[in-house]
Amino acid sequence: MILLLLLGCAADKVGESADSARDTAEGASPDETGETGETGAERVAPIFANPPEAEDLDEDPAVVHVRLVAAPATHVFELPDEEGGPVEVEGYAYNGTLPGPTIRARLGDTVIVELENELPDPTTVHWHGLEVPFEVDGVPWMMEPVAAGESATYTFTVEQAGTFWYHPHFDSHLQVDAGLYGAFVVEDPAEPAADEELILVLDDWDMAGFGTPTGGEDDHGMDGLAGRWTVGGLVEPRVELRGGTRARVRVIDVSNTGYLWLSWPEPRVIARDQGLLPAPLEEPTVLGPGDRLEAEWLVGESGFTVEDLGWSQHGGATGMASELLSVSVLDPAPAPAPADRAWSGEAPGEDPGRTDLVYVFSGDTGSGEWFINGEQWPDVTIASLALGEEAILEVRNVSPTSHPFHLHGMAFEVLSQDGVPPAVRMIEDTIDIPIYGIMRARILADNPGDWMAHCHILPHAEGGMMTVLRVEEPAGARLR
Ligand code: C2O
Ligand code: CU
């Protein structure tokens, strides 16, 4: 069965959660059954989000309370009609939903997340792309993970607008793959509101990398699902949008290893990792593990499909396109003009030419051994920056596989990719380094801590492709 998600019922769900969105995450109460994706309402929730409520906009910074319960869960996936019955996958979930609840805050809000660990193993939560204090970054480096049966509280203030996500940073290659992930949206009230907002959390269910965290040895029940992508926990969902409206679409690749080459008619990417771009980008985009983008859909007379044109870490375009999602139009009407965002068109910063820090990514799939500067986590040399220092980083990929480079704690400005500056100023926390590619970036070391720098193909990180960039207080320490 292809799922038909009616905007009408999305609106009900949205209405229900909008009032409480300031106190809790959407759908933050754990599902008693421990089964994900069961009812229509739950199926709608992961994709449609509530756009900002006008009356909330003048509220002073608020406190957003979220309760996350990490526990084993059975993920139930309906397949298209001709493919037979649902597929059940034993995994993990936050609050019994796949993805976990969307956490939504506004610039300046304080977020308090209580994590309860009902997993059989330790876990943590990391706030991917958010510049939080090191103590709440959710990495077990220098800090104990949250033991099975224990809880922890993460408190921080959000000062970046954009589309982020959260996931464990302990045995990530197993725990994220098992279903522990969710969207984290930070709104800037100054931005024009969209008529509709969709959050597309994209995951693939390739056999590679997936292990039942509880140690089972079967094929995890993934017949019919292996190699496919799910959108908000759904296989090839269909959504209905009203003609004549604008939708803001937040896309997150939470897959352990999967790349997407996203395409839909008249692509219009308005934001990437760290919020709005200085100008929209109008071409199909490759999205690697951990990466995000935001698109604007101008819905008019006719429906369309969102496709993955097929992209592989082992060499780019695969030529194997597949459908991710289809959109049908309710009440066709002429497409509206794009929202007025006063695009600055700001150009990328100039590369000063010096290099302060180099990360060379190497390794190969055959051995499963992966290195940064010839070292494997945790036996790594810690590079240090003084607080307030500006450093030029060069990441070189000398392996026959792409690597999405991710830095915790501080976003960076991309200066060039293979010698070519980006079309507009680009602030990222995750960026793909293609095979034999070179990326240069500027980092402002403004957040003290020991920040993980790693490949977001999680089996690569597990295989050693992870290091630490230390930002030291007081100032005075120099780069190695
Ligand atoms: Cu998305 Cu180090 O993580
Ligand atoms: Cu990698």
# chains A, B, ... in the order shown; residues from 1 in each chain; ligands from 1
>>> select_by_dssp(residues="region 122-365 of chain A", states="alpha helix (DSSP H)", output="PyMOL selection string")
chain A and resi 172-175
>>> closest_atom_pairs(of="chain A", to="ligand 2", cutoff="10 Å", atoms="only C-alpha atoms and all ligand atoms", output="tab-separated table")
residue	atom	partner	partner_atom_place_in_ligand_line	distance
A:Thr257	CA	ligand 2	1 (Cu)	8.5
A:Pro289	CA	ligand 2	1 (Cu)	9.6
A:Gln313	CA	ligand 2	1 (Cu)	8.5
A:Phe361	CA	ligand 2	1 (Cu)	7.8
A:Ser362	CA	ligand 2	1 (Cu)	8.6
A:Gly363	CA	ligand 2	1 (Cu)	8.7
A:Asp364	CA	ligand 2	1 (Cu)	9.3
A:Thr365	CA	ligand 2	1 (Cu)	9.5
A:Trp370	CA	ligand 2	1 (Cu)	7.5
A:Phe371	CA	ligand 2	1 (Cu)	9.1
A:Ile372	CA	ligand 2	1 (Cu)	9.9
A:Asn397	CA	ligand 2	1 (Cu)	9.2
A:Ser399	CA	ligand 2	1 (Cu)	9.1
A:Thr401	CA	ligand 2	1 (Cu)	7.1
A:Ser402	CA	ligand 2	1 (Cu)	6.2
A:His403	CA	ligand 2	1 (Cu)	3.8
A:Pro404	CA	ligand 2	1 (Cu)	6.2
A:Phe405	CA	ligand 2	1 (Cu)	7.6
A:Asp432	CA	ligand 2	1 (Cu)	9.3
A:Ile433	CA	ligand 2	1 (Cu)	8.9
A:Pro434	CA	ligand 2	1 (Cu)	9.9
A:His454	CA	ligand 2	1 (Cu)	7.9
A:Cys455	CA	ligand 2	1 (Cu)	4.5
A:His456	CA	ligand 2	1 (Cu)	6.3
A:Ile457	CA	ligand 2	1 (Cu)	4.9
A:Leu458	CA	ligand 2	1 (Cu)	7.5
A:Pro459	CA	ligand 2	1 (Cu)	7.7
A:His460	CA	ligand 2	1 (Cu)	4.8
A:Ala461	CA	ligand 2	1 (Cu)	6.8
A:Glu462	CA	ligand 2	1 (Cu)	9.7
A:Gly463	CA	ligand 2	1 (Cu)	9.1
A:Gly464	CA	ligand 2	1 (Cu)	9.5
A:Met465	CA	ligand 2	1 (Cu)	6.7
A:Met466	CA	ligand 2	1 (Cu)	9.4
>>> write_last_selection(atoms="N, CA, C and O atoms", output="tab-separated table (two decimals), in the first residue's frame")
chain	number	residue	atom	x	y	z
A	257	THR	N	25.68	5.11	6.11
A	257	THR	CA	26.64	5.04	5.00
A	257	THR	C	26.08	5.61	3.69
A	257	THR	O	26.83	5.77	2.75
A	289	PRO	N	25.94	11.17	4.51
A	289	PRO	CA	25.53	10.87	5.88
A	289	PRO	C	25.81	12.05	6.82
A	289	PRO	O	26.91	12.59	6.82
A	313	GLN	N	29.35	6.21	-2.35
A	313	GLN	CA	30.62	6.64	-1.76
A	313	GLN	C	31.81	6.08	-2.55
A	313	GLN	O	32.92	6.53	-2.40
A	361	PHE	N	42.71	11.88	5.16
A	361	PHE	CA	41.82	10.72	5.34
A	361	PHE	C	42.30	9.59	4.44
A	361	PHE	O	42.39	9.76	3.23
A	362	SER	N	42.57	8.43	5.05
A	362	SER	CA	43.02	7.29	4.25
A	362	SER	C	42.42	6.01	4.79
A	362	SER	O	41.81	5.99	5.86
A	363	GLY	N	42.61	4.94	4.04
A	363	GLY	CA	42.08	3.64	4.45
A	363	GLY	C	41.42	2.97	3.27
A	363	GLY	O	41.42	3.51	2.16
A	364	ASP	N	40.89	1.80	3.51
A	364	ASP	CA	40.17	1.15	2.42
A	364	ASP	C	39.11	0.20	2.95
A	364	ASP	O	39.19	-0.29	4.08
A	365	THR	N	38.11	-0.01	2.10
A	365	THR	CA	36.96	-0.80	2.49
A	365	THR	C	37.34	-2.24	2.76
A	365	THR	O	36.78	-2.88	3.65
A	370	TRP	N	40.53	2.57	8.97
A	370	TRP	CA	40.42	3.94	8.47
A	370	TRP	C	41.26	4.86	9.34
A	370	TRP	O	41.32	4.68	10.56
A	371	PHE	N	41.89	5.84	8.71
A	371	PHE	CA	42.89	6.67	9.39
A	371	PHE	C	42.67	8.16	9.13
A	371	PHE	O	42.23	8.55	8.05
A	372	ILE	N	43.03	8.98	10.12
A	372	ILE	CA	43.22	10.42	9.91
A	372	ILE	C	44.68	10.69	10.26
A	372	ILE	O	45.13	10.36	11.37
A	397	ASN	N	41.43	13.85	1.08
A	397	ASN	CA	41.00	12.46	1.00
A	397	ASN	C	41.91	11.72	0.04
A	397	ASN	O	41.91	12.00	-1.15
A	399	SER	N	41.86	8.37	-0.22
A	399	SER	CA	41.34	7.00	-0.30
A	399	SER	C	40.35	6.90	-1.45
A	399	SER	O	39.81	7.90	-1.90
A	401	THR	N	37.35	6.22	-1.57
A	401	THR	CA	35.99	6.27	-1.04
A	401	THR	C	35.72	7.70	-0.57
A	401	THR	O	36.62	8.32	-0.03
A	402	SER	N	34.51	8.20	-0.76
A	402	SER	CA	34.17	9.53	-0.23
A	402	SER	C	34.04	9.48	1.29
A	402	SER	O	33.71	8.43	1.85
A	403	HIS	N	34.26	10.61	1.92
A	403	HIS	CA	34.08	10.72	3.37
A	403	HIS	C	33.38	12.02	3.72
A	403	HIS	O	33.91	13.09	3.42
A	404	PRO	N	32.22	11.97	4.39
A	404	PRO	CA	31.61	13.20	4.88
A	404	PRO	C	32.32	13.64	6.16
A	404	PRO	O	32.19	13.00	7.22
A	405	PHE	N	33.08	14.73	6.07
A	405	PHE	CA	33.85	15.23	7.21
A	405	PHE	C	32.92	16.01	8.13
A	405	PHE	O	32.18	16.89	7.69
A	432	ASP	N	30.95	16.72	2.35
A	432	ASP	CA	31.53	15.56	1.69
A	432	ASP	C	32.90	15.89	1.10
A	432	ASP	O	33.09	16.92	0.49
A	433	ILE	N	33.85	14.98	1.33
A	433	ILE	CA	35.16	15.10	0.69
A	433	ILE	C	35.22	13.96	-0.32
A	433	ILE	O	35.39	12.80	0.06
A	434	PRO	N	35.02	14.27	-1.60
A	434	PRO	CA	34.97	13.19	-2.59
A	434	PRO	C	36.32	12.46	-2.71
A	434	PRO	O	37.33	12.93	-2.18
A	454	HIS	N	35.49	13.87	12.55
A	454	HIS	CA	35.43	12.49	12.07
A	454	HIS	C	34.67	12.36	10.77
A	454	HIS	O	34.01	13.29	10.31
A	455	CYS	N	34.78	11.17	10.20
A	455	CYS	CA	33.99	10.82	9.04
A	455	CYS	C	32.61	10.42	9.54
A	455	CYS	O	32.49	9.68	10.52
A	456	HIS	N	31.53	10.90	8.86
A	456	HIS	CA	30.18	10.53	9.32
A	456	HIS	C	29.65	9.28	8.65
A	456	HIS	O	28.47	8.93	8.82
A	457	ILE	N	30.48	8.57	7.88
A	457	ILE	CA	30.13	7.20	7.55
A	457	ILE	C	30.49	6.44	8.82
A	457	ILE	O	31.67	6.29	9.16
A	458	LEU	N	29.48	6.04	9.58
A	458	LEU	CA	29.74	5.63	10.96
A	458	LEU	C	30.62	4.37	11.07
A	458	LEU	O	31.43	4.30	11.98
A	459	PRO	N	30.52	3.41	10.14
A	459	PRO	CA	31.48	2.31	10.20
A	459	PRO	C	32.93	2.78	9.96
A	459	PRO	O	33.86	2.17	10.49
A	460	HIS	N	33.13	3.87	9.22
A	460	HIS	CA	34.48	4.40	9.06
A	460	HIS	C	34.97	5.01	10.38
A	460	HIS	O	36.11	4.83	10.78
A	461	ALA	N	34.09	5.75	11.03
A	461	ALA	CA	34.45	6.34	12.33
A	461	ALA	C	34.81	5.22	13.31
A	461	ALA	O	35.82	5.28	14.01
A	462	GLU	N	33.97	4.18	13.31
A	462	GLU	CA	34.22	3.03	14.17
A	462	GLU	C	35.54	2.35	13.80
A	462	GLU	O	36.26	1.86	14.66
A	463	GLY	N	35.87	2.36	12.52
A	463	GLY	CA	37.12	1.76	12.04
A	463	GLY	C	38.33	2.64	12.25
A	463	GLY	O	39.41	2.33	11.75
A	464	GLY	N	38.17	3.77	12.96
A	464	GLY	CA	39.33	4.58	13.33
A	464	GLY	C	39.35	6.00	12.80
A	464	GLY	O	40.20	6.79	13.20
A	465	MET	N	38.43	6.36	11.88
A	465	MET	CA	38.50	7.66	11.22
A	465	MET	C	37.88	8.76	12.07
A	465	MET	O	36.84	9.33	11.74
A	466	MET	N	38.56	9.05	13.19
A	466	MET	CA	38.02	10.01	14.14
A	466	MET	C	39.21	10.58	14.91
A	466	MET	O	40.14	9.85	15.26
>>> residues_near_ligand(ligand="ligand 1", cutoff="10 Å", atoms="only C-alpha atoms and all ligand atoms", output="ChimeraX atom specification")
/A:125-129,137-139,164-170,172,176,181,254,256,289-291,405-409,429-430,451-458,461,466
>>> residues_around(residues="region 183-188 of chain A", least_positions_apart="3", cutoff="10 Å", atoms="only C-alpha atoms", output="MDAnalysis selection string")
chainID A and resid 25 46 49 51:52 57 99:109 127:130 158:167 191:193 199:201 232 250:252 254 275
>>> residues_around(residues="Phe412 (chain A)", least_positions_apart="4", cutoff="7 Å", atoms="only C-alpha atoms", output="list in words")
Ile427, Glu428, Asp429, Ala441, Arg442 and Ile443 of chain A
>>> atom_distance(atom1="CA of Glu83 (chain A)", atom2="CA of Ser322 (chain A)")
15.5 Å
>>> closest_atom_pairs(of="region 240-324 of chain A", to="region 333-351 of chain A", cutoff="9 Å", atoms="only C-alpha atoms", output="JSON lines")
{"residue": "A:Arg242", "atom": "CA", "partner": "A:Ala333", "partner_atom": "CA", "distance": 8.0}
{"residue": "A:Gly243", "atom": "CA", "partner": "A:Ala333", "partner_atom": "CA", "distance": 4.6}
{"residue": "A:Gly244", "atom": "CA", "partner": "A:Ala335", "partner_atom": "CA", "distance": 4.7}
{"residue": "A:Thr245", "atom": "CA", "partner": "A:Pro336", "partner_atom": "CA", "distance": 6.2}
{"residue": "A:Arg246", "atom": "CA", "partner": "A:Pro336", "partner_atom": "CA", "distance": 6.9}
{"residue": "A:Leu277", "atom": "CA", "partner": "A:Trp343", "partner_atom": "CA", "distance": 8.0}
{"residue": "A:Pro278", "atom": "CA", "partner": "A:Gly345", "partner_atom": "CA", "distance": 4.6}
{"residue": "A:Ala279", "atom": "CA", "partner": "A:Gly345", "partner_atom": "CA", "distance": 5.2}
{"residue": "A:Pro280", "atom": "CA", "partner": "A:Trp343", "partner_atom": "CA", "distance": 8.1}
{"residue": "A:Glu296", "atom": "CA", "partner": "A:Pro338", "partner_atom": "CA", "distance": 7.6}
{"residue": "A:Trp297", "atom": "CA", "partner": "A:Pro338", "partner_atom": "CA", "distance": 8.5}
{"residue": "A:Leu298", "atom": "CA", "partner": "A:Ala335", "partner_atom": "CA", "distance": 5.5}
{"residue": "A:Val299", "atom": "CA", "partner": "A:Ala335", "partner_atom": "CA", "distance": 5.2}
{"residue": "A:Gly300", "atom": "CA", "partner": "A:Ala335", "partner_atom": "CA", "distance": 3.8}
{"residue": "A:Glu301", "atom": "CA", "partner": "A:Ala333", "partner_atom": "CA", "distance": 5.3}
{"residue": "A:Ser302", "atom": "CA", "partner": "A:Ala333", "partner_atom": "CA", "distance": 8.9}
>>> closest_residue(among="A:Asp253, A:Tyr359, A:Gly388, A:Pro122", to="Gly374 (chain A)", atoms="only C-alpha atoms")
A:Tyr359
>>> atom_distance(atom1="CA of Thr381 (chain A)", atom2="CA of Val468 (chain A)")
7.8 Å
>>> atom_distance(atom1="CA of Arg470 (chain A)", atom2="CA of Asp177 (chain A)")
28.3 Å
>>> select_by_dssp(residues="region 211-364 of chain A", states="strand (DSSP E or B)", output="ChimeraX atom specification")
/A:229-231,234,238-242,245-253,260-263,269-272,275-281,285-287,292-299,304-308,311-312,316-317,322-330,357-364
>>> closest_residue(among="A:Glu294, A:Pro422, A:Tyr259, A:Phe304", to="Ala317 (chain A)", atoms="only C-alpha atoms")
A:Tyr259
>>> residues_around(residues="Gly319 (chain A)", least_positions_apart="2", cutoff="7 Å", atoms="only C-alpha atoms", output="list in words")
Leu309, Gly310, Ala317 and Ala321 of chain A
>>> closest_residue(among="A:Ile435, A:Leu469, A:Val249, A:Ala423", to="Ser384 (chain A)", atoms="only C-alpha atoms")
A:Leu469
